[in-house]
Amino acid sequence: MTKLGKLTLTAALAAAAATFGLAGPAAAEFPEKPVNYIIPFGAGGESDITARFQEPFFKEKFGQNLVISYKPGGGGAVAWAQLNKMPGDGYTIMGTNLPHIVVQPLQKDVGFTTDDLVNIYIFHYTPDAIVVNEDSQFKTLQDLIDYAKENPGKTTFSGSGKGTANHLAQVRFDDLAGIKTTYVPFKGTGAAATALLGKQVVAEWGYTTVPAKYQGMRLLAVAMEERHPKYPDVPTFKELGFDLVSGAYRGIAVPGSTPEDIRQKLADMIDEINNDQRFIDRMIDGGFAVTNVRYGPDLDAFMEKAKKDFAAAAKAADVIK
């Protein structure tokens, strides 16, 4: 065979290999190495806990480790502003949080916009809930409403920061119930729970995860469509006549340069974990609520509604102008 013939044959084989997905880096079975999972907060919060829940399932199902690291700062903004500068090869993923990624860019220049972030999956949320100490005088939600009406502004709630899901839920519920309460922002759910346990406040706008983590607390109502399986005796706000379904939603995003096929592959992988009954059971036991909003039209629609709803709530809370 002539040299020209060999070159022609080589080119033909390469083309055939590419056609059948047998050549080049993209052809290798993804993932071939550990995936870096960046949490944009410190260790110990809900974003970290649920990433740790995902970790063993990822290893079991896909044969590679999730290497979890932390990049805290600015309530997540420091990491999110850097995401699109990271390699888009599928081996870097980052946790996201709503309402943070909606509200923060509306408040000021934080280095990213909501639409800059390529979410591939919203896999759970922590439903908002009113939490009281076990020995609280409030046995029902109506007890608390009656007290708040008799003592305008004196019913104090701790919560995880200003402009967070907790804060927005407090403003919304005050409007629905026709009451005036005082929201006291703390740095994170843990600090808000500590304030309640120390009786620095009357109640807490927390999450369904709070009494799962801290002893000596109980829930008055949860902001869900249906009752939480872990708390079957706790009513939803909707059952009690208040149209409130809310919480902090968490997902996973990738750098904007990540190819479409890798985005879809990662979404498939998270979807497989999210639909494993063992994972679901672990999430429920921790007080979380699993969601299955994956990359594509469903996630696009979810984000459009989230942007509209959270922006309106933040404006009502005087978090944005």
# chains A, B, ... in the order shown; residues from 1 in each chain; ligands from 1
>>> closest_atom_pairs(of="region 79-154 of chain A", to="region 306-315 of chain A", cutoff="12 Å", atoms="only C-alpha atoms", output="Markdown table")
| residue | atom | partner | partner_atom | distance |
| --- | --- | --- | --- | --- |
| A:Asn97 | CA | A:Ala306 | CA | 11.4 |
| A:Leu98 | CA | A:Ala306 | CA | 8.0 |
| A:Pro99 | CA | A:Phe310 | CA | 6.2 |
| A:His100 | CA | A:Phe310 | CA | 9.2 |
| A:Ile101 | CA | A:Lys307 | CA | 9.1 |
| A:Val102 | CA | A:Lys307 | CA | 5.9 |
| A:Val103 | CA | A:Ala311 | CA | 6.4 |
| A:Gln104 | CA | A:Ala314 | CA | 10.0 |
| A:Pro105 | CA | A:Ala311 | CA | 10.3 |
| A:Leu106 | CA | A:Ala311 | CA | 7.8 |
| A:Gln107 | CA | A:Ala314 | CA | 9.4 |
| A:Thr113 | CA | A:Lys307 | CA | 11.1 |
| A:Thr114 | CA | A:Lys307 | CA | 8.2 |
| A:Asp115 | CA | A:Lys307 | CA | 9.7 |
| A:Ile122 | CA | A:Ala306 | CA | 11.7 |
>>> select_by_dssp(residues="region 65-195 of chain A", states="helix (DSSP H, G or I)", output="PyMOL selection string")
chain A and resi 74-85+100-107+114-116+141-150+165-177+189-195
>>> atom_distance(atom1="CA of Asn151 (chain A)", atom2="CA of Val184 (chain A)")
16.5 Å
>>> closest_residue(among="A:Pro31, A:Ala317, A:Lys230, A:Gly188", to="Arg172 (chain A)", atoms="only C-alpha atoms")
A:Ala317
>>> closest_residue(among="A:Met269, A:Val210, A:Val293, A:Val202", to="Glu46 (chain A)", atoms="only C-alpha atoms")
A:Val210
>>> select_by_dssp(residues="region 1-181 of chain A", states="strand (DSSP E)", output="ChimeraX atom specification")
/A:35-39,66-70,92-98,118-133,156-159
>>> write_last_selection(atoms="C-alpha atoms", output="PDB file, in the first residue's frame")
ATOM      1  CA  VAL A  35     -15.941  14.923  39.931  1.00  0.00           C
ATOM      2  CA  ASN A  36     -15.297  18.091  41.928  1.00  0.00           C
ATOM      3  CA  TYR A  37     -18.451  19.196  43.760  1.00  0.00           C
ATOM      4  CA  ILE A  38     -18.112  22.746  45.060  1.00  0.00           C
ATOM      5  CA  ILE A  39     -20.400  23.868  47.873  1.00  0.00           C
ATOM      6  CA  LEU A  66     -17.548  13.133  44.353  1.00  0.00           C
ATOM      7  CA  VAL A  67     -14.818  15.321  45.818  1.00  0.00           C
ATOM      8  CA  ILE A  68     -16.669  17.849  47.962  1.00  0.00           C
ATOM      9  CA  SER A  69     -15.016  21.179  48.699  1.00  0.00           C
ATOM     10  CA  TYR A  70     -16.174  24.537  50.027  1.00  0.00           C
ATOM     11  CA  THR A  92     -16.638  20.586  38.020  1.00  0.00           C
ATOM     12  CA  ILE A  93     -20.148  21.002  39.403  1.00  0.00           C
ATOM     13  CA  MET A  94     -21.441  23.483  41.962  1.00  0.00           C
ATOM     14  CA  GLY A  95     -24.358  23.634  44.355  1.00  0.00           C
ATOM     15  CA  THR A  96     -26.933  26.383  43.834  1.00  0.00           C
ATOM     16  CA  ASN A  97     -29.560  27.797  46.151  1.00  0.00           C
ATOM     17  CA  LEU A  98     -32.833  29.591  45.566  1.00  0.00           C
ATOM     18  CA  VAL A 118     -26.465  26.789  34.059  1.00  0.00           C
ATOM     19  CA  ASN A 119     -28.479  24.668  36.452  1.00  0.00           C
ATOM     20  CA  ILE A 120     -28.786  21.045  35.410  1.00  0.00           C
ATOM     21  CA  TYR A 121     -31.027  19.811  38.238  1.00  0.00           C
ATOM     22  CA  ILE A 122     -33.063  21.078  41.197  1.00  0.00           C
ATOM     23  CA  PHE A 123     -33.026  17.997  43.392  1.00  0.00           C
ATOM     24  CA  HIS A 124     -34.613  19.038  46.676  1.00  0.00           C
ATOM     25  CA  TYR A 125     -35.930  21.791  48.854  1.00  0.00           C
ATOM     26  CA  THR A 126     -36.199  22.454  52.552  1.00  0.00           C
ATOM     27  CA  PRO A 127     -39.793  23.548  53.145  1.00  0.00           C
ATOM     28  CA  ASP A 128     -40.334  26.614  55.287  1.00  0.00           C
ATOM     29  CA  ALA A 129     -41.957  25.885  58.628  1.00  0.00           C
ATOM     30  CA  ILE A 130     -42.844  27.623  61.879  1.00  0.00           C
ATOM     31  CA  VAL A 131     -40.864  26.023  64.679  1.00  0.00           C
ATOM     32  CA  VAL A 132     -41.400  26.435  68.429  1.00  0.00           C
ATOM     33  CA  ASN A 133     -39.864  24.923  71.537  1.00  0.00           C
ATOM     34  CA  THR A 156     -40.372  37.627  67.308  1.00  0.00           C
ATOM     35  CA  PHE A 157     -39.120  35.027  64.838  1.00  0.00           C
ATOM     36  CA  SER A 158     -35.527  33.998  64.297  1.00  0.00           C
ATOM     37  CA  GLY A 159     -34.560  33.088  60.731  1.00  0.00           C
TER      38      GLY A 159
END
>>> closest_residue(among="A:Arg218, A:Lys180, A:Lys108, A:Lys238", to="Lys321 (chain A)", atoms="only C-alpha atoms")
A:Lys108
